[in-house]
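Enquirer: Sharing entry_17.txt (compact mmCIF, C-alpha atoms) below.
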```
# COMPACT_ATOMS: atom_id res chain seq x y z
CA MET O 1 -16.35 19.90 -17.42
CA THR O 2 -14.95 23.41 -17.32
CA GLN O 3 -15.45 25.21 -14.03
CA SER O 4 -16.33 28.91 -14.13
CA LEU O 5 -15.68 31.66 -11.60
CA GLU O 6 -17.33 35.07 -11.70
CA ARG O 7 -15.23 38.00 -10.48
CA LYS O 8 -15.96 41.72 -10.96
CA GLY O 9 -18.35 41.02 -13.78
CA LEU O 10 -15.91 38.74 -15.59
CA THR O 11 -16.34 35.04 -16.13
CA ILE O 12 -13.14 33.04 -15.76
CA SER O 13 -13.21 29.52 -17.17
CA LEU O 14 -10.95 26.99 -15.47
CA PRO O 15 -10.00 23.77 -17.27
CA ASP O 16 -10.72 20.36 -15.78
CA HIS O 17 -8.68 17.15 -15.80
CA THR O 18 -9.60 16.36 -19.41
CA GLN O 19 -8.32 19.73 -20.64
CA LEU O 20 -4.98 19.79 -18.82
CA PRO O 21 -1.75 18.04 -19.90
CA GLU O 22 -1.34 14.64 -18.27
CA SER O 23 2.44 14.66 -18.73
CA ASN O 24 5.28 17.17 -18.91
CA GLY O 25 7.11 15.01 -21.42
CA GLU O 26 9.85 13.87 -19.04
CA PHE O 27 11.05 10.30 -18.74
CA VAL O 28 10.53 8.28 -15.58
CA LYS O 29 13.70 8.74 -13.55
CA ASN O 30 14.56 5.07 -13.05
CA PHE O 31 13.26 1.52 -13.38
CA HIS O 32 12.41 1.29 -9.67
CA GLU O 33 9.73 3.98 -9.60
CA HIS O 34 6.85 2.05 -11.11
CA PRO O 35 7.49 -1.23 -9.20
CA GLN O 36 7.77 0.81 -6.01
CA SER O 37 4.40 2.46 -6.66
CA ILE O 38 2.80 -0.91 -7.41
CA ILE O 39 4.08 -2.34 -4.12
CA LEU O 40 2.58 0.54 -2.14
CA THR O 41 -0.78 0.45 -3.92
CA ASP O 42 -1.16 -3.32 -4.01
CA SER O 43 -0.41 -3.83 -0.33
CA ILE O 44 -2.58 -1.01 1.05
CA GLU O 45 -5.67 -1.69 -1.09
CA PRO O 46 -7.28 -4.09 1.48
CA VAL O 47 -6.88 -1.39 4.16
CA LEU O 48 -8.41 1.30 1.96
CA GLN O 49 -11.32 -0.93 1.00
CA LYS O 50 -12.16 -1.35 4.70
CA ILE O 51 -11.84 2.39 5.35
CA HIS O 52 -13.86 3.25 2.23
CA PRO O 53 -16.61 0.63 1.75
CA ASP O 54 -18.16 3.16 -0.65
CA LYS O 55 -14.90 3.07 -2.71
CA GLN O 56 -14.58 6.85 -2.53
CA TYR O 57 -10.83 7.33 -2.73
CA ALA O 58 -8.17 7.83 -5.38
CA ILE O 59 -4.52 6.86 -5.71
CA GLY O 60 -2.19 8.73 -8.03
CA GLN O 61 1.07 7.30 -9.30
CA ASP O 62 3.36 9.84 -10.99
CA SER O 63 0.19 11.83 -11.75
CA GLY O 64 -0.15 15.61 -11.81
CA ILE O 65 -1.81 17.64 -9.07
CA TYR O 66 -2.84 20.96 -10.63
CA TRP O 67 -2.91 23.88 -8.21
CA ARG O 68 -2.66 26.96 -10.48
CA ILE O 69 -3.09 28.15 -14.07
CA THR O 70 0.21 28.92 -15.79
CA GLU O 71 1.74 29.09 -19.23
CA PRO O 72 2.63 26.42 -20.14
CA LEU O 73 -0.13 24.65 -18.23
CA GLU O 74 2.04 21.81 -16.92
CA ARG O 75 4.11 24.27 -14.87
CA GLY O 76 1.06 24.65 -12.67
CA ALA O 77 1.24 21.06 -11.48
CA GLU O 78 3.35 18.88 -9.24
CA ALA O 79 3.42 15.13 -9.81
CA PRO O 80 4.17 13.11 -6.67
CA ASP O 81 5.41 9.62 -7.40
CA TRP O 82 2.62 8.26 -5.19
CA PHE O 83 -0.30 9.90 -3.40
CA TYR O 84 -3.63 9.00 -1.82
CA VAL O 85 -6.76 11.17 -1.60
CA PRO O 86 -9.63 10.09 0.67
CA GLY O 87 -13.24 10.96 0.01
CA VAL O 88 -13.16 11.45 -3.76
CA PRO O 89 -14.56 9.22 -6.52
CA PRO O 90 -12.09 7.06 -8.45
CA LEU O 91 -13.71 8.19 -11.73
CA LEU O 92 -14.99 11.61 -12.83
CA ASP O 93 -18.14 11.58 -14.96
CA GLY O 94 -17.36 7.96 -15.75
CA LYS O 95 -13.89 8.83 -17.07
CA LEU O 96 -10.49 7.79 -15.76
CA ARG O 97 -8.64 10.66 -14.14
CA ARG O 98 -5.90 12.21 -16.22
CA SER O 99 -4.76 14.40 -13.34
CA TYR O 100 -5.95 15.69 -9.98
CA VAL O 101 -7.29 19.26 -10.15
CA LEU O 102 -7.51 21.10 -6.83
CA TRP O 103 -9.87 23.83 -8.03
CA GLN O 104 -12.24 21.14 -9.22
CA GLU O 105 -12.26 18.93 -6.11
CA HIS O 106 -10.94 21.05 -3.21
CA LEU O 107 -9.61 18.05 -1.24
CA ALA O 108 -5.89 17.63 -0.62
CA PRO O 109 -4.19 14.23 -0.64
CA LEU O 110 -3.61 12.79 2.83
CA ILE O 111 -0.12 11.62 1.92
CA ALA O 112 2.31 12.17 -0.95
CA LEU O 113 5.56 10.31 -1.54
CA GLU O 114 8.51 11.24 -3.72
CA PHE O 115 11.10 8.69 -4.83
CA ALA O 116 14.36 10.61 -5.15
CA SER O 117 16.97 9.44 -7.64
CA GLY O 118 19.42 12.06 -6.33
CA ASN O 119 20.13 13.16 -2.78
CA GLY O 120 16.64 14.57 -2.14
CA ASP O 121 17.49 18.26 -2.57
CA GLU O 122 14.90 18.68 -5.31
CA GLU O 123 12.23 17.11 -3.12
CA ARG O 124 13.21 19.33 -0.15
CA ASP O 125 13.18 22.53 -2.25
CA SER O 126 11.19 25.16 -0.34
CA THR O 127 11.57 27.98 -2.89
CA PRO O 128 8.36 30.04 -2.61
CA LEU O 129 6.20 31.39 -5.39
CA SER O 130 7.42 34.81 -6.52
CA ALA O 131 5.34 37.57 -4.95
CA THR O 132 5.99 39.85 -7.94
CA GLY O 133 4.54 37.47 -10.47
CA GLU O 134 7.83 37.46 -12.40
CA GLU O 135 8.64 33.82 -11.90
CA LYS O 136 12.21 32.98 -12.81
CA THR O 137 12.36 29.82 -10.72
CA LYS O 138 9.53 27.31 -10.37
CA PRO O 139 8.34 27.03 -6.75
CA GLY O 140 9.89 24.10 -4.90
CA LYS O 141 7.92 20.89 -4.31
CA PHE O 142 8.32 21.11 -0.54
CA TRP O 143 6.86 24.64 -0.50
CA VAL O 144 3.97 23.74 -2.80
CA TYR O 145 3.01 20.65 -0.78
CA GLU O 146 3.31 22.55 2.50
CA GLN O 147 1.92 26.00 1.70
CA ILE O 148 -0.47 25.50 -1.22
CA ILE O 149 -1.76 21.94 -1.44
CA ARG O 150 -1.28 21.40 2.32
CA ILE O 151 -0.69 17.65 2.24
CA PRO O 152 -0.71 16.35 5.85
CA TYR O 153 2.06 13.77 5.29
CA TYR O 154 4.95 14.15 2.86
CA GLY O 155 7.59 11.44 2.45
CA ILE O 156 10.92 11.58 0.63
CA TYR O 157 12.51 8.22 -0.15
CA ILE O 158 16.07 8.21 -1.49
CA PHE O 159 16.54 5.13 -3.66
CA ASP O 160 20.35 5.03 -3.59
CA THR O 161 20.65 4.94 0.19
CA GLY O 162 17.28 3.61 1.32
CA GLU O 163 16.78 6.66 3.55
CA LEU O 164 13.25 7.79 4.28
CA GLU O 165 12.15 11.19 5.61
CA VAL O 166 8.53 11.86 6.54
CA TYR O 167 7.12 15.29 7.31
CA HIS O 168 3.85 16.03 9.11
CA LEU O 169 1.92 19.25 8.58
CA VAL O 170 1.34 20.89 11.98
CA ASN O 171 -0.08 24.41 12.26
CA GLY O 172 0.67 25.06 8.60
CA LYS O 173 4.32 23.96 8.72
CA TYR O 174 6.07 20.70 7.96
CA HIS O 175 7.83 19.07 10.89
CA GLN O 176 10.11 16.09 10.30
CA MET O 177 8.76 13.05 12.09
CA LYS O 178 10.71 10.61 14.23
CA THR O 179 10.34 6.86 13.80
CA ASN O 180 8.68 4.64 16.37
CA GLU O 181 10.35 1.71 18.14
CA ARG O 182 10.12 -0.37 14.94
CA GLY O 183 11.79 2.28 12.81
CA HIS O 184 8.47 3.13 11.10
CA TYR O 185 6.48 6.31 10.62
CA PRO O 186 2.86 6.04 11.87
CA ILE O 187 0.19 7.41 9.53
CA GLU O 188 -2.55 7.59 12.13
CA GLN O 189 -5.52 8.36 9.86
CA LEU O 190 -4.85 5.19 7.89
CA GLY O 191 -3.94 3.00 10.85
CA VAL O 192 -0.69 1.99 9.15
CA GLU O 193 3.03 2.58 9.42
CA LEU O 194 5.45 3.44 6.63
CA GLY O 195 8.98 2.09 6.59
CA VAL O 196 11.76 0.45 4.59
CA TRP O 197 11.85 -3.28 3.81
CA GLU O 198 14.66 -5.31 2.28
CA GLY O 199 13.74 -7.98 -0.22
CA SER O 200 12.98 -8.99 -3.78
CA TYR O 201 10.20 -7.85 -6.08
CA GLN O 202 9.67 -8.98 -9.68
CA ASN O 203 13.14 -9.61 -11.15
CA LEU O 204 14.87 -6.78 -9.32
CA ASN O 205 17.74 -7.00 -6.84
CA GLN O 206 17.24 -9.70 -4.19
CA ASN O 207 18.48 -7.33 -1.49
CA HIS O 208 16.92 -4.07 -2.66
CA LEU O 209 15.28 -1.68 -0.21
CA TRP O 210 11.63 -0.82 -0.78
CA LEU O 211 9.02 1.36 0.88
CA ARG O 212 6.39 -0.83 2.55
CA TRP O 213 3.39 -0.55 4.84
CA TRP O 214 2.91 -2.26 8.20
CA ASP O 215 -0.11 -2.36 10.50
CA THR O 216 0.02 -0.76 13.95
CA GLU O 217 1.15 -4.06 15.49
CA GLY O 218 4.15 -4.26 13.20
CA ASN O 219 2.80 -6.85 10.75
CA LEU O 220 3.89 -6.32 7.15
CA LEU O 221 0.99 -5.59 4.80
CA LEU O 222 1.30 -8.13 2.02
CA MET O 223 0.98 -7.64 -1.71
CA GLY O 224 -1.48 -9.76 -3.68
CA SER O 225 1.24 -12.16 -4.80
CA GLU O 226 2.46 -12.53 -1.21
CA ARG O 227 -1.09 -13.11 0.03
CA ALA O 228 -1.58 -15.77 -2.65
CA GLU O 229 1.69 -17.47 -1.68
CA GLN O 230 0.72 -17.32 1.99
CA GLU O 231 -2.65 -18.89 1.18
CA LYS O 232 -0.93 -21.56 -0.92
CA GLN O 233 1.38 -22.40 1.99
CA ARG O 234 -1.57 -22.47 4.38
CA ALA O 235 -3.45 -24.86 2.07
CA GLU O 236 -0.36 -27.06 1.77
CA GLN O 237 0.03 -27.14 5.55
CA GLU O 238 -3.64 -28.07 5.93
CA LYS O 239 -3.20 -30.82 3.37
CA GLN O 240 -0.17 -32.13 5.24
CA ARG O 241 -2.06 -31.97 8.55
CA ALA O 242 -4.98 -33.91 7.06
CA GLU O 243 -2.60 -36.50 5.64
CA GLN O 244 -0.86 -36.89 8.98
CA GLU O 245 -4.22 -37.26 10.72
CA LYS O 246 -5.21 -39.92 8.21
CA GLN O 247 -1.95 -41.78 8.79
CA ARG O 248 -2.45 -41.62 12.57
CA ALA O 249 -5.98 -42.99 12.21
CA GLU O 250 -4.77 -45.80 9.96
CA GLN O 251 -1.97 -46.63 12.39
CA ALA O 252 -4.44 -46.66 15.30
CA GLU O 253 -6.72 -49.00 13.37
CA ARG O 254 -3.82 -51.35 12.59
CA SER O 255 -2.77 -51.35 16.23
CA GLN O 256 -6.31 -52.21 17.33
CA ARG O 257 -6.60 -54.94 14.69
CA GLU O 258 -3.34 -56.47 15.87
CA ALA O 259 -4.33 -56.20 19.55
CA ILE O 260 -7.72 -57.93 19.27
CA PRO O 261 -6.51 -61.52 18.65
CA LYS O 262 -3.80 -61.13 21.27
CA LEU O 263 -6.30 -60.02 23.88
CA LEU O 264 -8.77 -62.78 22.96
CA ALA O 265 -5.93 -65.30 23.13
CA MET O 266 -5.24 -64.10 26.67
CA GLY O 267 -8.77 -65.18 27.61
CA LEU O 268 -10.59 -61.85 27.43
CA THR O 269 -14.13 -61.94 26.18
CA VAL O 270 -15.33 -59.96 23.16
CA GLU O 271 -17.11 -57.62 25.58
CA GLN O 272 -13.94 -57.06 27.61
CA VAL O 273 -11.85 -56.38 24.48
CA SER O 274 -14.53 -53.99 23.28
CA SER O 275 -14.36 -52.06 26.56
CA ALA O 276 -10.54 -52.08 26.70
CA LEU O 277 -10.09 -50.76 23.15
CA GLY O 278 -13.07 -48.39 23.13
CA LEU O 279 -14.70 -50.28 20.26
CA SER O 280 -18.17 -51.62 19.77
CA ILE O 281 -18.74 -55.36 19.97
CA GLU O 282 -19.49 -55.38 16.24
CA GLU O 283 -16.15 -53.66 15.48
CA VAL O 284 -14.27 -56.22 17.60
CA GLU O 285 -16.03 -59.10 15.87
CA ASN O 286 -15.32 -57.60 12.42
CA LEU O 287 -11.63 -57.08 13.25
CA GLU O 288 -11.06 -60.56 14.72
```
Would you kindly transcribe this structure into structure tokens?
Expert:
Amino acid sequence: MTQSLERKGLTISLPDHTQLPESNGEFVKNFHEHPQSIILTDSIEPVLQKIHPDKQYAIGQDSGIYWRITEPLERGAEAPDWFYVPGVPPLLDGKLRRSYVLWQEHLAPLIALEFASGNGDEERDSTPLSATGEEKTKPGKFWVYEQIIRIPYYGIYIFDTGELEVYHLVNGKYHQMKTNERGHYPIEQLGVELGVWEGSYQNLNQNHLWLRWWDTEGNLLLMGSERAEQEKQRAEQEKQRAEQEKQRAEQAERSQREAIPKLLAMGLTVEQVSSALGLSIEEVENLE
């Protein structure tokens, strides 16, 4: 629904997510962006479900965050390649979100990630909003995330080199973080670490570098397909263990069966054989 503000006797109507453009008409920059977003979302979902048993959180993937009214409207938005907002409903009035509108919800994302196809200069652009109102250059993403939206964690991942920079908002300014001993960036509020992983996903390069999550003990957070494969391997191992146990039991039974006549032939009584082999008298008599 449209939100209204009253100022000096005037009513100003602000559009909501259903009334704002959901795209600026640009193409996705490369074929890695969407798989990369899927990896991040898929692997962190179990963590978020534990943090939010009420399911009050939202994840945006190449979705607009509107922070001002402009002409055209889409110039008033930034669209991180991936972001997470805690404490908001996944749907609005039963409708899927078309964008995230700050003046409607007032909560900033906890973390935003940009996947840079170039060298990251666009993502590091700190050009401020013109104070005169005569905007010749659109404010830079870095400045908007830091000064307006105030996103606590901002990551820039450069696809071509696999380099990752993460900035943390401290006292209103972004400070570039240093990695921990594992080469990861801790995101304390989520209890996870963000880093770079080399491997294969879908049909893309076997040795490609991807952004991934780890827990605070350094264990990789698995995607659904990886969890399914892990469970399949665990089931196969359990099946093999059960088969081996069955074979050992059968071998033990054969050994006992073969030992009974030998022991009886040596002059031992049924009772003595029963005691020596740990069998009941009935079992010895049945295996004679």
Enquirer: Report as a short mmCIF file (atom, residue, chain, number, x, y, z; two decimals) with C-alpha atoms, in the coordinates of the input all protein, DNA and RNA residues lying within 10 Å of Asn119 of chain O, evaluated on all atoms listed in the file, omitting residues in the same chain fewer than 6 positions from it.
Expert:
```
data_model
loop_
_atom_site.label_atom_id
_atom_site.label_comp_id
_atom_site.auth_asym_id
_atom_site.auth_seq_id
_atom_site.Cartn_x
_atom_site.Cartn_y
_atom_site.Cartn_z
CA ILE O 156 10.92 11.58 0.63
CA TYR O 157 12.51 8.22 -0.15
CA ILE O 158 16.07 8.21 -1.49
CA PHE O 159 16.54 5.13 -3.66
CA ASP O 160 20.35 5.03 -3.59
CA THR O 161 20.65 4.94 0.19
CA GLU O 163 16.78 6.66 3.55
#
```
Enquirer: Identify which of the residues O:Thr137, O:Thr216, O:Ser63, O:Ser13 lies closest to Leu190 of chain O, counting all atoms listed in the file when measuring atom-to-atom distances.
Expert: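 When distances to Leu190 of chain O are compared using all atoms listed in the file, the smallest one comes from O:Thr216.
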Enquirer: Could you check how far atom CA of Pro261 of chain O sits from atom CA of Glu285 of chain O, in Å to one decimal?
Expert: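 Going from atom CA of Pro261 of chain O over to atom CA of Glu285 of chain O, I get 10.2 Å.
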Enquirer: What's the 10 Å shell around Leu263 of chain O, counting only C-alpha atoms, without same-chain residues fewer than 5 positions away, as a ChimeraX atom specification?
Expert: /O:258,268-270,272-273,276
Enquirer: Tell me, as number ranges by chain, which residues lie within 6 Å of segment 45-60 of chain O, counting all atoms listed in the file; anything in the same chain fewer than 6 positions away does not count.
Expert: O: 82-90
Enquirer: Between atom CA of Gly224 of chain O and atom CA of Gly191 of chain O, what distance in Å does the model show, to one decimal?
Expert: 19.5 Å
Enquirer: Kindly give the distance, in Å, that separates atom CA of Ala77 of chain O and atom CA of His168 of chain O, rounded to a single decimal.
Expert: 21.4 Å
